[in-house]
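**Student:** As input, take model.cif (mmCIF, C-alpha atoms (C1' of nucleotides)):
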data_entry
loop_
_atom_site.label_atom_id
_atom_site.label_comp_id
_atom_site.auth_asym_id
_atom_site.auth_seq_id
_atom_site.Cartn_x
_atom_site.Cartn_y
_atom_site.Cartn_z
CA MET A 1 -7.54 -10.90 28.82
CA ASN A 2 -9.50 -10.26 25.67
CA LEU A 3 -8.18 -8.60 22.56
CA TYR A 4 -9.61 -5.19 23.39
CA GLU A 5 -7.85 -5.16 26.74
CA THR A 6 -4.68 -6.42 25.14
CA LEU A 7 -4.63 -3.48 22.77
CA LEU A 8 -5.21 -0.94 25.54
CA THR A 9 -2.59 -2.57 27.70
CA ALA A 10 -0.11 -2.40 24.85
CA LEU A 11 -0.72 1.34 24.61
CA LYS A 12 -0.35 1.90 28.34
CA THR A 13 2.78 -0.21 28.54
CA GLN A 14 4.39 2.07 25.98
CA GLY A 15 3.47 5.11 28.04
CA LYS A 16 0.75 6.12 25.57
CA ARG A 17 -2.38 7.81 26.85
CA ILE A 18 -5.83 6.35 26.72
CA THR A 19 -8.42 8.59 25.13
CA PRO A 20 -12.06 7.88 24.31
CA GLN A 21 -11.16 7.91 20.62
CA ARG A 22 -8.43 5.34 21.11
CA GLU A 23 -10.71 3.16 23.18
CA ALA A 24 -13.29 3.22 20.42
CA ILE A 25 -10.74 2.41 17.74
CA CYS A 26 -9.33 -0.46 19.77
CA ARG A 27 -12.79 -1.80 20.49
CA LEU A 28 -13.68 -1.66 16.85
CA LEU A 29 -10.49 -3.45 15.85
CA ALA A 30 -10.94 -6.07 18.53
CA GLU A 31 -14.59 -6.84 18.08
CA SER A 32 -14.82 -6.90 14.32
CA ASP A 33 -13.49 -9.66 12.16
CA GLU A 34 -13.28 -7.22 9.29
CA HIS A 35 -9.86 -5.93 8.45
CA PRO A 36 -10.78 -2.30 8.26
CA THR A 37 -9.04 0.60 6.60
CA ALA A 38 -8.43 3.89 8.34
CA ARG A 39 -11.30 5.44 6.41
CA GLN A 40 -13.71 2.65 7.36
CA ILE A 41 -12.86 3.11 11.01
CA TYR A 42 -13.31 6.84 10.64
CA GLU A 43 -16.72 6.49 8.96
CA THR A 44 -17.90 3.99 11.56
CA LEU A 45 -16.90 6.12 14.52
CA LYS A 46 -18.10 9.42 13.13
CA ALA A 47 -21.55 8.76 14.58
CA GLN A 48 -20.04 8.39 18.02
CA PHE A 49 -17.42 11.14 17.66
CA PRO A 50 -18.75 13.69 15.20
CA SER A 51 -15.64 15.83 15.60
CA MET A 52 -13.14 13.05 15.12
CA SER A 53 -10.46 13.63 12.56
CA LEU A 54 -9.02 11.12 10.13
CA ALA A 55 -5.62 12.10 11.43
CA THR A 56 -6.56 10.71 14.82
CA VAL A 57 -7.37 7.34 13.28
CA TYR A 58 -4.07 7.26 11.43
CA ASN A 59 -2.23 8.36 14.53
CA THR A 60 -3.72 5.61 16.67
CA LEU A 61 -3.19 2.95 14.04
CA ASP A 62 0.43 4.03 13.64
CA VAL A 63 0.97 3.78 17.37
CA LEU A 64 -0.61 0.34 17.54
CA VAL A 65 1.52 -0.86 14.64
CA SER A 66 4.72 0.52 16.10
CA VAL A 67 3.91 -1.23 19.34
CA GLY A 68 3.37 -4.48 17.48
CA ALA A 69 -0.22 -4.83 18.64
CA ILE A 70 -1.71 -4.89 15.14
CA ASN A 71 -0.47 -5.56 11.64
CA ARG A 72 -0.62 -3.57 8.46
CA LEU A 73 -1.91 -5.94 5.79
CA GLY A 74 -1.55 -3.69 2.79
CA SER A 75 -3.95 -3.30 -0.04
CA ALA A 76 -6.70 -5.70 -1.03
CA GLY A 77 -6.79 -4.35 -4.54
CA ASP A 78 -8.30 -1.07 -3.38
CA ASP A 79 -5.06 0.84 -2.84
CA THR A 80 -5.70 1.42 0.82
CA VAL A 81 -4.10 -0.18 3.81
CA HIS A 82 -6.10 -2.73 5.78
CA TYR A 83 -5.27 -3.50 9.40
CA ASP A 84 -5.40 -6.79 11.26
CA ALA A 85 -5.72 -6.96 15.03
CA ASP A 86 -4.84 -10.64 15.08
CA THR A 87 -1.07 -10.84 15.31
CA ASN A 88 -0.93 -14.60 15.58
CA PRO A 89 0.46 -16.22 12.44
CA HIS A 90 -2.39 -16.92 10.04
CA ILE A 91 -3.28 -16.55 6.42
CA ASN A 92 -5.30 -13.68 5.01
CA LEU A 93 -7.50 -14.13 2.02
CA ALA A 94 -8.52 -11.02 0.10
CA CYS A 95 -11.23 -10.78 -2.50
CA ILE A 96 -10.09 -8.49 -5.27
CA LYS A 97 -13.68 -7.70 -6.21
CA CYS A 98 -15.39 -6.81 -2.93
CA HIS A 99 -12.09 -6.01 -1.16
CA ARG A 100 -12.98 -7.95 1.94
CA ILE A 101 -10.32 -9.87 3.78
CA ILE A 102 -10.89 -12.98 5.84
CA ASP A 103 -8.66 -15.03 8.12
CA LEU A 104 -7.69 -18.60 7.50
CA PRO A 105 -6.02 -20.74 10.12
CA SER A 106 -3.06 -22.69 8.84
CA GLU A 107 -1.02 -25.67 9.92
CA HIS A 108 1.94 -24.83 7.77
CA ILE A 109 2.45 -21.19 8.53
CA GLN A 110 4.30 -21.75 11.77
CA ALA A 111 6.82 -23.91 9.95
CA LEU A 112 7.12 -21.25 7.29
CA GLN A 113 7.97 -18.56 9.77
CA GLU A 114 10.56 -20.75 11.45
CA GLU A 115 12.03 -21.52 8.07
CA VAL A 116 12.44 -17.83 7.35
CA ALA A 117 14.04 -17.15 10.70
CA ARG A 118 16.42 -20.05 10.22
CA ASN A 119 17.39 -19.51 6.60
CA SER A 120 17.88 -15.78 6.59
CA GLN A 121 20.20 -13.46 8.41
CA TYR A 122 17.35 -11.01 8.91
CA ARG A 123 15.94 -10.00 12.23
CA ILE A 124 12.31 -10.79 11.52
CA LEU A 125 9.85 -8.23 12.84
CA GLY A 126 6.66 -9.49 11.25
CA GLY A 127 5.10 -10.77 8.13
CA ARG A 128 2.00 -11.03 6.10
CA VAL A 129 0.74 -13.97 4.15
CA LEU A 130 -1.95 -12.80 1.83
CA TYR A 131 -3.59 -14.74 -0.93
CA TYR A 132 -6.05 -13.05 -3.21
CA GLY A 133 -8.75 -14.16 -5.53
CA LEU A 134 -12.51 -14.22 -5.80
CA CYS A 135 -14.64 -15.04 -2.81
CA PRO A 136 -17.49 -17.50 -3.35
CA GLU A 137 -20.04 -14.71 -3.46
CA CYS A 138 -18.19 -12.68 -6.07
CA GLN A 139 -17.56 -15.80 -8.14
CA ARG A 140 -21.29 -16.35 -8.29
CA GLU A 141 -21.93 -12.76 -9.26
CA ALA A 142 -19.26 -12.93 -11.93
CA VAL A 143 -20.93 -15.95 -13.50
CA GLU A 144 -24.39 -14.39 -13.36
CA GLY A 145 -23.12 -11.08 -14.71
CA GLY A 146 -21.37 -12.85 -17.56
CA ARG A 147 -24.51 -14.46 -19.00
CA MET B 1 12.66 -19.67 -22.77
CA ASN B 2 14.11 -17.16 -20.37
CA LEU B 3 12.14 -14.81 -18.19
CA TYR B 4 12.46 -11.88 -20.54
CA GLU B 5 10.99 -13.85 -23.39
CA THR B 6 8.29 -15.20 -21.13
CA LEU B 7 7.17 -11.70 -20.28
CA LEU B 8 7.08 -10.59 -23.92
CA THR B 9 5.24 -13.75 -24.93
CA ALA B 10 2.69 -13.10 -22.21
CA LEU B 11 2.05 -9.68 -23.68
CA LYS B 12 1.75 -10.97 -27.23
CA THR B 13 -0.53 -13.80 -26.20
CA GLN B 14 -2.91 -11.24 -24.76
CA GLY B 15 -2.91 -9.30 -28.00
CA LYS B 16 -0.81 -6.51 -26.51
CA ARG B 17 1.69 -4.71 -28.68
CA ILE B 18 5.43 -4.79 -28.21
CA THR B 19 7.06 -1.40 -28.01
CA PRO B 20 10.67 -0.50 -27.27
CA GLN B 21 9.59 0.86 -23.91
CA ARG B 22 7.85 -2.37 -22.99
CA GLU B 23 10.82 -4.41 -24.08
CA ALA B 24 13.07 -2.35 -21.87
CA ILE B 25 10.76 -2.63 -18.89
CA CYS B 26 10.47 -6.38 -19.32
CA ARG B 27 14.20 -6.74 -19.69
CA LEU B 28 14.79 -4.75 -16.56
CA LEU B 29 12.27 -6.82 -14.63
CA ALA B 30 13.70 -10.06 -15.93
CA GLU B 31 17.37 -9.37 -15.48
CA SER B 32 17.35 -7.70 -12.12
CA ASP B 33 16.85 -9.48 -8.85
CA GLU B 34 15.70 -6.25 -7.33
CA HIS B 35 11.99 -5.84 -6.84
CA PRO B 36 11.69 -2.42 -8.32
CA THR B 37 9.03 0.21 -7.94
CA ALA B 38 7.52 2.04 -10.88
CA ARG B 39 9.63 5.06 -10.10
CA GLN B 40 12.84 3.05 -9.92
CA ILE B 41 12.13 1.57 -13.33
CA TYR B 42 11.35 5.02 -14.65
CA GLU B 43 14.57 6.50 -13.30
CA THR B 44 16.64 3.64 -14.64
CA LEU B 45 15.22 3.83 -18.12
CA LYS B 46 15.24 7.59 -18.40
CA ALA B 47 18.79 7.46 -19.72
CA GLN B 48 17.69 5.17 -22.51
CA PHE B 49 14.33 6.84 -23.17
CA PRO B 50 14.61 10.48 -22.17
CA SER B 51 11.04 11.15 -23.18
CA MET B 52 9.50 8.23 -21.36
CA SER B 53 6.62 9.00 -19.07
CA LEU B 54 5.91 7.51 -15.68
CA ALA B 55 2.46 6.69 -16.98
CA THR B 56 4.02 4.34 -19.51
CA VAL B 57 5.73 2.43 -16.75
CA TYR B 58 2.52 2.15 -14.77
CA ASN B 59 0.62 1.14 -17.87
CA THR B 60 3.05 -1.65 -18.72
CA LEU B 61 3.22 -2.91 -15.16
CA ASP B 62 -0.57 -2.95 -14.95
CA VAL B 63 -0.78 -4.97 -18.13
CA LEU B 64 1.82 -7.44 -16.92
CA VAL B 65 0.02 -7.83 -13.62
CA SER B 66 -3.38 -8.31 -15.23
CA VAL B 67 -1.85 -10.96 -17.45
CA GLY B 68 -0.42 -12.70 -14.41
CA ALA B 69 3.16 -12.39 -15.60
CA ILE B 70 4.37 -10.44 -12.60
CA ASN B 71 3.18 -9.85 -9.05
CA ARG B 72 2.49 -6.74 -7.07
CA LEU B 73 4.29 -7.18 -3.76
CA GLY B 74 3.02 -4.08 -2.03
CA SER B 75 4.98 -1.74 0.14
CA ALA B 76 8.29 -2.46 1.84
CA GLY B 77 7.71 0.23 4.39
CA ASP B 78 8.19 2.97 1.82
CA ASP B 79 4.56 3.31 0.77
CA THR B 80 5.22 2.41 -2.82
CA VAL B 81 4.41 -0.77 -4.68
CA HIS B 82 7.24 -3.15 -5.50
CA TYR B 83 6.94 -5.64 -8.35
CA ASP B 84 8.23 -9.18 -8.60
CA ALA B 85 8.81 -10.87 -11.95
CA ASP B 86 9.17 -14.27 -10.32
CA THR B 87 5.68 -15.72 -10.11
CA ASN B 88 6.77 -19.06 -8.73
CA PRO B 89 5.81 -19.49 -5.10
CA HIS B 90 8.55 -18.14 -2.90
CA ILE B 91 9.02 -15.95 0.13
CA ASN B 92 9.92 -12.29 -0.03
CA LEU B 93 11.94 -10.66 2.68
CA ALA B 94 11.79 -6.90 2.97
CA CYS B 95 14.09 -4.69 4.96
CA ILE B 96 12.10 -1.91 6.56
CA LYS B 97 15.17 0.27 6.78
CA CYS B 98 16.73 0.15 3.31
CA HIS B 99 13.51 -0.96 1.62
CA ARG B 100 15.15 -3.67 -0.40
CA ILE B 101 13.39 -6.95 -0.98
CA ILE B 102 15.06 -10.30 -1.53
CA ASP B 103 13.75 -13.72 -2.50
CA LEU B 104 13.93 -16.76 -0.29
CA PRO B 105 13.21 -20.23 -1.58
CA SER B 106 10.95 -22.26 0.65
CA GLU B 107 10.05 -25.88 1.17
CA HIS B 108 6.83 -25.13 2.96
CA ILE B 109 5.25 -22.59 0.72
CA GLN B 110 3.93 -25.06 -1.79
CA ALA B 111 2.09 -26.86 0.96
CA LEU B 112 0.76 -23.56 2.19
CA GLN B 113 -0.70 -22.66 -1.14
CA GLU B 114 -2.34 -26.05 -1.50
CA GLU B 115 -3.74 -25.66 1.96
CA VAL B 116 -5.35 -22.37 1.01
CA ALA B 117 -6.82 -23.78 -2.17
CA ARG B 118 -8.20 -26.77 -0.30
CA ASN B 119 -9.57 -25.02 2.78
CA SER B 120 -11.21 -22.02 1.16
CA GLN B 121 -13.98 -21.59 -1.31
CA TYR B 122 -12.02 -18.85 -3.04
CA ARG B 123 -10.75 -19.00 -6.56
CA ILE B 124 -7.12 -18.22 -5.84
CA LEU B 125 -5.49 -15.85 -8.30
CA GLY B 126 -2.20 -15.24 -6.57
CA GLY B 127 -0.58 -14.46 -3.32
CA ARG B 128 2.27 -12.80 -1.61
CA VAL B 129 4.25 -14.04 1.32
CA LEU B 130 6.24 -11.19 2.70
CA TYR B 131 8.21 -11.10 5.90
CA TYR B 132 9.84 -7.92 7.02
CA GLY B 133 12.59 -7.02 9.35
CA LEU B 134 16.14 -5.74 9.33
CA CYS B 135 18.64 -7.08 6.83
CA PRO B 136 22.08 -8.02 8.16
CA GLU B 137 23.59 -4.82 6.84
CA CYS B 138 21.02 -2.56 8.43
CA GLN B 139 21.26 -4.47 11.71
CA ARG B 140 24.96 -3.70 11.77
CA GLU B 141 24.36 -0.03 11.03
CA ALA B 142 21.70 0.13 13.72
CA VAL B 143 24.15 -1.18 16.30
CA GLU B 144 26.93 1.16 15.23
CA GLY B 145 24.60 4.13 15.10
CA GLY B 146 23.27 3.31 18.53
CA ARG B 147 26.62 3.66 20.27
"C1'" DT C 1 1.94 0.57 -47.87
"C1'" DC C 2 -2.13 1.81 -45.20
"C1'" DC C 3 -5.10 2.29 -41.45
"C1'" DA C 4 -7.51 1.20 -37.31
"C1'" DA C 5 -6.48 0.34 -32.85
"C1'" DC C 6 -3.31 0.57 -29.33
"C1'" DT C 7 0.50 3.25 -26.89
"C1'" DT C 8 3.05 6.96 -25.39
"C1'" DT C 9 3.39 11.35 -23.53
"C1'" DA C 10 2.81 15.39 -20.41
"C1'" DG C 11 0.32 17.24 -17.31
"C1'" DA C 12 -3.73 17.61 -14.69
"C1'" DA C 13 -6.51 15.23 -11.34
"C1'" DC C 14 -7.35 12.15 -7.68
"C1'" DT C 15 -6.77 10.21 -3.24
"C1'" DA C 16 -4.46 8.02 0.64
"C1'" DT C 17 -1.52 9.48 3.98
"C1'" DT C 18 1.38 12.74 6.54
"C1'" DC C 19 2.38 17.11 8.47
"C1'" DC C 20 1.39 21.26 11.09
"C1'" DA C 21 0.10 24.50 14.71
"C1'" DA C 22 -3.37 25.65 17.86
"C1'" DA C 23 -6.70 23.99 21.12
"C1'" DT C 24 -7.78 20.34 24.14
"C1'" DA C 25 -7.54 16.45 27.35
"C1'" DC C 26 -4.92 12.97 30.00
"C1'" DC C 27 -2.69 11.63 34.11
"C1'" DA C 28 1.28 11.80 37.31
"C1'" DC C 29 2.13 14.36 41.05
"C1'" DC C 30 1.13 17.09 44.80
"C1'" DG D 1 -9.39 16.48 44.32
"C1'" DG D 2 -6.66 20.26 41.86
"C1'" DT D 3 -2.75 21.53 38.62
"C1'" DG D 4 0.68 21.56 35.07
"C1'" DG D 5 3.47 19.44 31.74
"C1'" DT D 6 2.94 16.98 27.84
"C1'" DA D 7 0.72 13.88 24.65
"C1'" DT D 8 -3.30 13.98 21.75
"C1'" DT D 9 -6.94 15.75 18.87
"C1'" DT D 10 -8.39 18.55 15.21
"C1'" DG D 11 -8.96 20.53 10.60
"C1'" DG D 12 -6.75 22.02 7.02
"C1'" DA D 13 -2.86 22.28 4.19
"C1'" DA D 14 0.83 19.71 2.07
"C1'" DT D 15 2.88 15.60 0.03
"C1'" DA D 16 3.35 11.82 -3.00
"C1'" DG D 17 1.96 7.65 -5.38
"C1'" DT D 18 -1.04 6.46 -8.87
"C1'" DT D 19 -4.64 7.18 -12.35
"C1'" DC D 20 -6.82 9.77 -15.92
"C1'" DT D 21 -7.10 12.44 -20.25
"C1'" DA D 22 -6.57 14.03 -24.83
"C1'" DA D 23 -3.46 14.67 -28.45
"C1'" DA D 24 0.33 12.80 -31.06
"C1'" DG D 25 2.89 8.87 -32.36
"C1'" DT D 26 3.43 3.60 -33.24
"C1'" DT D 27 2.41 -1.04 -34.13
"C1'" DG D 28 1.26 -4.83 -36.89
"C1'" DG D 29 -2.33 -7.17 -39.63
"C1'" DA D 30 -4.38 -6.78 -44.20
#
Now, as a test, write the supplied structure out as structure tokens.
**Tutor:**
Amino acid sequence: MNLYETLLTALKTQGKRITPQREAICRLLAESDEHPTARQIYETLKAQFPSMSLATVYNTLDVLVSVGAINRLGSAGDDTVHYDADTNPHINLACIKCHRIIDLPSEHIQALQEEVARNSQYRILGGRVLYYGLCPECQREAVEGGR
Amino acid sequence: MNLYETLLTALKTQGKRITPQREAICRLLAESDEHPTARQIYETLKAQFPSMSLATVYNTLDVLVSVGAINRLGSAGDDTVHYDADTNPHINLACIKCHRIIDLPSEHIQALQEEVARNSQYRILGGRVLYYGLCPECQREAVEGGR
DNA sequence: TCCAACTTTAGAACTATTCCAAATACCACC
DNA sequence: GGTGGTATTTGGAATAGTTCTAAAGTTGGA
């Protein structure tokens, strides 16, 4: 089962209804390796659903988060929430200049999560490991711009 | 040099001026193990500085962040930014019910950070490792409330 | 002490996100 | 296949965190 189907199944399992808008949002989340914001999703899908409302995007994202199918990553320096459809433990790397976020596989992150579960009395529901800095491209631009 | 002095020194080093308001904000950040929001700082210091403006708090926090003396942790489920004066690598644990954040020392996090630096082309400027869940207290309340 | 530059202040402005009520669409059931 | 109850969509208003602005007040080097 691919990621798109996983997301839809998660919705159905929770008794949520499948609408064309939700399908499109799930497809976009599943097939892109971006970590889009609600507004980016909205702008992208406006061509396909000219009448779609931002509220619908927020609604669907909220449902997916509450179901545990996607993660809220938080801001990448742009004060808007980015979402990640990959719920497997991994590292996110955000560029504070172009505000793009990439994934980074990690050997250590599994151990980290187990450490947290073991050493705290919390019931862990999720987590986000986000490092930020300048991506190679923006580093280059910074140097060129600084001349 | 304690944390309070470190914060003030960071400001001075960057040519920033020391004002009573900034001293108070730095002291509060340094001496509390909370991870306060701008508003919490504002409310706390209002007794001492009745005329203080929220903008001053934001201004000072922005300066401290840009200087690298403190970290922006992001939201703890309450849609407001929490700040952390401890810039050493450590794990943060947020309770999504009471919105408090605690620190957790970690053996693995150093390795994680080195892994990121090694495996990415990014210039790393910082990071935040935040797990969220229910703190022991809120777990207990959830059970009692659920009866 | 003086002054230029930086800060503070108060309030307006901005913007992401949530809320609302009416219209619409999904889907379980017949 | 229809039908109805109910979740969802929509668009606009409302909310709230954060930023901006201009005037007044401070800081700290000379």
**Student:** For this structure, which residues satisfy the selection - the PyMOL selection byres ((chain C) within 12 of (chain B)) - when it is evaluated on the file as given? I want them as a JSON list (two decimals) with C-alpha atoms (C1' of nucleotides), in the coordinates of the input.
**Tutor:**
[["chain", "number", "residue", "atom", "x", "y", "z"],
["C", 5, "DA", "C1'", -6.48, 0.34, -32.85],
["C", 6, "DC", "C1'", -3.31, 0.57, -29.33],
["C", 7, "DT", "C1'", 0.50, 3.25, -26.89],
["C", 8, "DT", "C1'", 3.05, 6.96, -25.39],
["C", 9, "DT", "C1'", 3.39, 11.35, -23.53],
["C", 10, "DA", "C1'", 2.81, 15.39, -20.41],
["C", 11, "DG", "C1'", 0.32, 17.24, -17.31],
["C", 16, "DA", "C1'", -4.46, 8.02, 0.64],
["C", 17, "DT", "C1'", -1.52, 9.48, 3.98],
["C", 18, "DT", "C1'", 1.38, 12.74, 6.54]]
**Student:** Using only C-alpha atoms, what does the table of chain B residues within 9 Å of chain A look like, with each row giving the shortest atom pair and its distance in Å to one decimal, sorted by chain and ascending number, as JSON lines?
**Tutor:**
{"residue": "B:Gly74", "atom": "CA", "partner": "A:Gly74", "partner_atom": "CA", "distance": 6.7}
{"residue": "B:Ser75", "atom": "CA", "partner": "A:Gly74", "partner_atom": "CA", "distance": 7.3}
{"residue": "B:Ile91", "atom": "CA", "partner": "A:Val116", "partner_atom": "CA", "distance": 8.2}
{"residue": "B:Leu93", "atom": "CA", "partner": "A:Tyr122", "partner_atom": "CA", "distance": 8.3}
{"residue": "B:Cys95", "atom": "CA", "partner": "A:Tyr122", "partner_atom": "CA", "distance": 8.1}
{"residue": "B:Leu104", "atom": "CA", "partner": "A:Val116", "partner_atom": "CA", "distance": 7.9}
{"residue": "B:Ser106", "atom": "CA", "partner": "A:Glu115", "partner_atom": "CA", "distance": 7.5}
{"residue": "B:Glu107", "atom": "CA", "partner": "A:Leu112", "partner_atom": "CA", "distance": 8.2}
{"residue": "B:His108", "atom": "CA", "partner": "A:Leu112", "partner_atom": "CA", "distance": 5.8}
{"residue": "B:Ile109", "atom": "CA", "partner": "A:Leu112", "partner_atom": "CA", "distance": 7.0}
{"residue": "B:Ala111", "atom": "CA", "partner": "A:His108", "partner_atom": "CA", "distance": 7.1}
{"residue": "B:Leu112", "atom": "CA", "partner": "A:His108", "partner_atom": "CA", "distance": 5.8}
{"residue": "B:Gln113", "atom": "CA", "partner": "A:Tyr131", "partner_atom": "CA", "distance": 8.4}
{"residue": "B:Glu115", "atom": "CA", "partner": "A:Ser106", "partner_atom": "CA", "distance": 7.5}
{"residue": "B:Val116", "atom": "CA", "partner": "A:Leu104", "partner_atom": "CA", "distance": 7.9}
{"residue": "B:Asn119", "atom": "CA", "partner": "A:Leu104", "partner_atom": "CA", "distance": 8.2}
{"residue": "B:Ser120", "atom": "CA", "partner": "A:Leu104", "partner_atom": "CA", "distance": 8.0}
{"residue": "B:Gln121", "atom": "CA", "partner": "A:Pro136", "partner_atom": "CA", "distance": 5.8}
{"residue": "B:Tyr122", "atom": "CA", "partner": "A:Cys135", "partner_atom": "CA", "distance": 4.6}
{"residue": "B:Arg123", "atom": "CA", "partner": "A:Leu134", "partner_atom": "CA", "distance": 5.2}
{"residue": "B:Ile124", "atom": "CA", "partner": "A:Gly133", "partner_atom": "CA", "distance": 4.4}
{"residue": "B:Leu125", "atom": "CA", "partner": "A:Gly133", "partner_atom": "CA", "distance": 4.6}
{"residue": "B:Gly126", "atom": "CA", "partner": "A:Tyr132", "partner_atom": "CA", "distance": 5.6}
{"residue": "B:Gly127", "atom": "CA", "partner": "A:Tyr131", "partner_atom": "CA", "distance": 3.9}
{"residue": "B:Arg128", "atom": "CA", "partner": "A:Leu130", "partner_atom": "CA", "distance": 5.4}
{"residue": "B:Val129", "atom": "CA", "partner": "A:Val129", "partner_atom": "CA", "distance": 4.5}
{"residue": "B:Leu130", "atom": "CA", "partner": "A:Arg128", "partner_atom": "CA", "distance": 5.4}
{"residue": "B:Tyr131", "atom": "CA", "partner": "A:Gly127", "partner_atom": "CA", "distance": 3.8}
{"residue": "B:Tyr132", "atom": "CA", "partner": "A:Gly126", "partner_atom": "CA", "distance": 5.5}
{"residue": "B:Gly133", "atom": "CA", "partner": "A:Ile124", "partner_atom": "CA", "distance": 4.4}
{"residue": "B:Leu134", "atom": "CA", "partner": "A:Arg123", "partner_atom": "CA", "distance": 5.2}
{"residue": "B:Cys135", "atom": "CA", "partner": "A:Tyr122", "partner_atom": "CA", "distance": 4.6}
{"residue": "B:Pro136", "atom": "CA", "partner": "A:Tyr122", "partner_atom": "CA", "distance": 5.6}
{"residue": "B:Gln139", "atom": "CA", "partner": "A:Arg123", "partner_atom": "CA", "distance": 7.7}
**Student:** Please return, as an MDAnalysis selection string, all residues of chain D lying within 9 Å of chain B when only C-alpha atoms (C1' of nucleotides) are considered.
**Tutor:** chainID D and resid 17:19 26:28
**Student:** Would you pick out the contacts of DC20 (chain D) at 9 Å or less, using only C-alpha atoms (C1' of nucleotides), so that residues sharing its chain but fewer than 5 positions from it are not included, and give the list as a PyMOL selection string?
**Tutor:** chain C and resi 12-14
**Student:** So, with all atoms listed in the file as the atoms that count, which of A:Arg72, A:Pro20, A:Ala30, A:Val57 lies closest to DC26 (chain C)?
**Tutor:**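 Of all the options, A:Pro20 lies closest to DC26 (chain C).
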**Student:** Can you sort out the box for region 112-129 of chain A, edges along x, y and z, all listed atoms in, 8 Å on every side, with centre and edge lengths in Å to one decimal, as JSON?
**Tutor:**
{"center_x": 10.5, "center_y": -14.9, "center_z": 8.5, "size_x": 35.5, "size_y": 29.3, "size_z": 24.7}
**Student:** Translate the PyMOL selection byres ((chain A and resi 4) around 12) into a concrete residue list for this structure, as a VMD selection string.
**Tutor:** chain A and resid 1 to 3 5 to 11 22 to 32 69 to 70 85 to 86
**Student:** Kindly give the distance, in Å, that separates CA of Ile102 (chain B) and CA of His35 (chain A), rounded to a single decimal.
**Tutor:**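 If I compute the distance from CA of Ile102 (chain B) to CA of His35 (chain A), I get 27.2 Å.
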**Student:** As an exercise, work out the distance from CA of Gly68 (chain B) to CA of Cys98 (chain B) in Å and give it to one decimal place.
**Tutor:**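 Between these atoms lies a distance of 27.8 Å.
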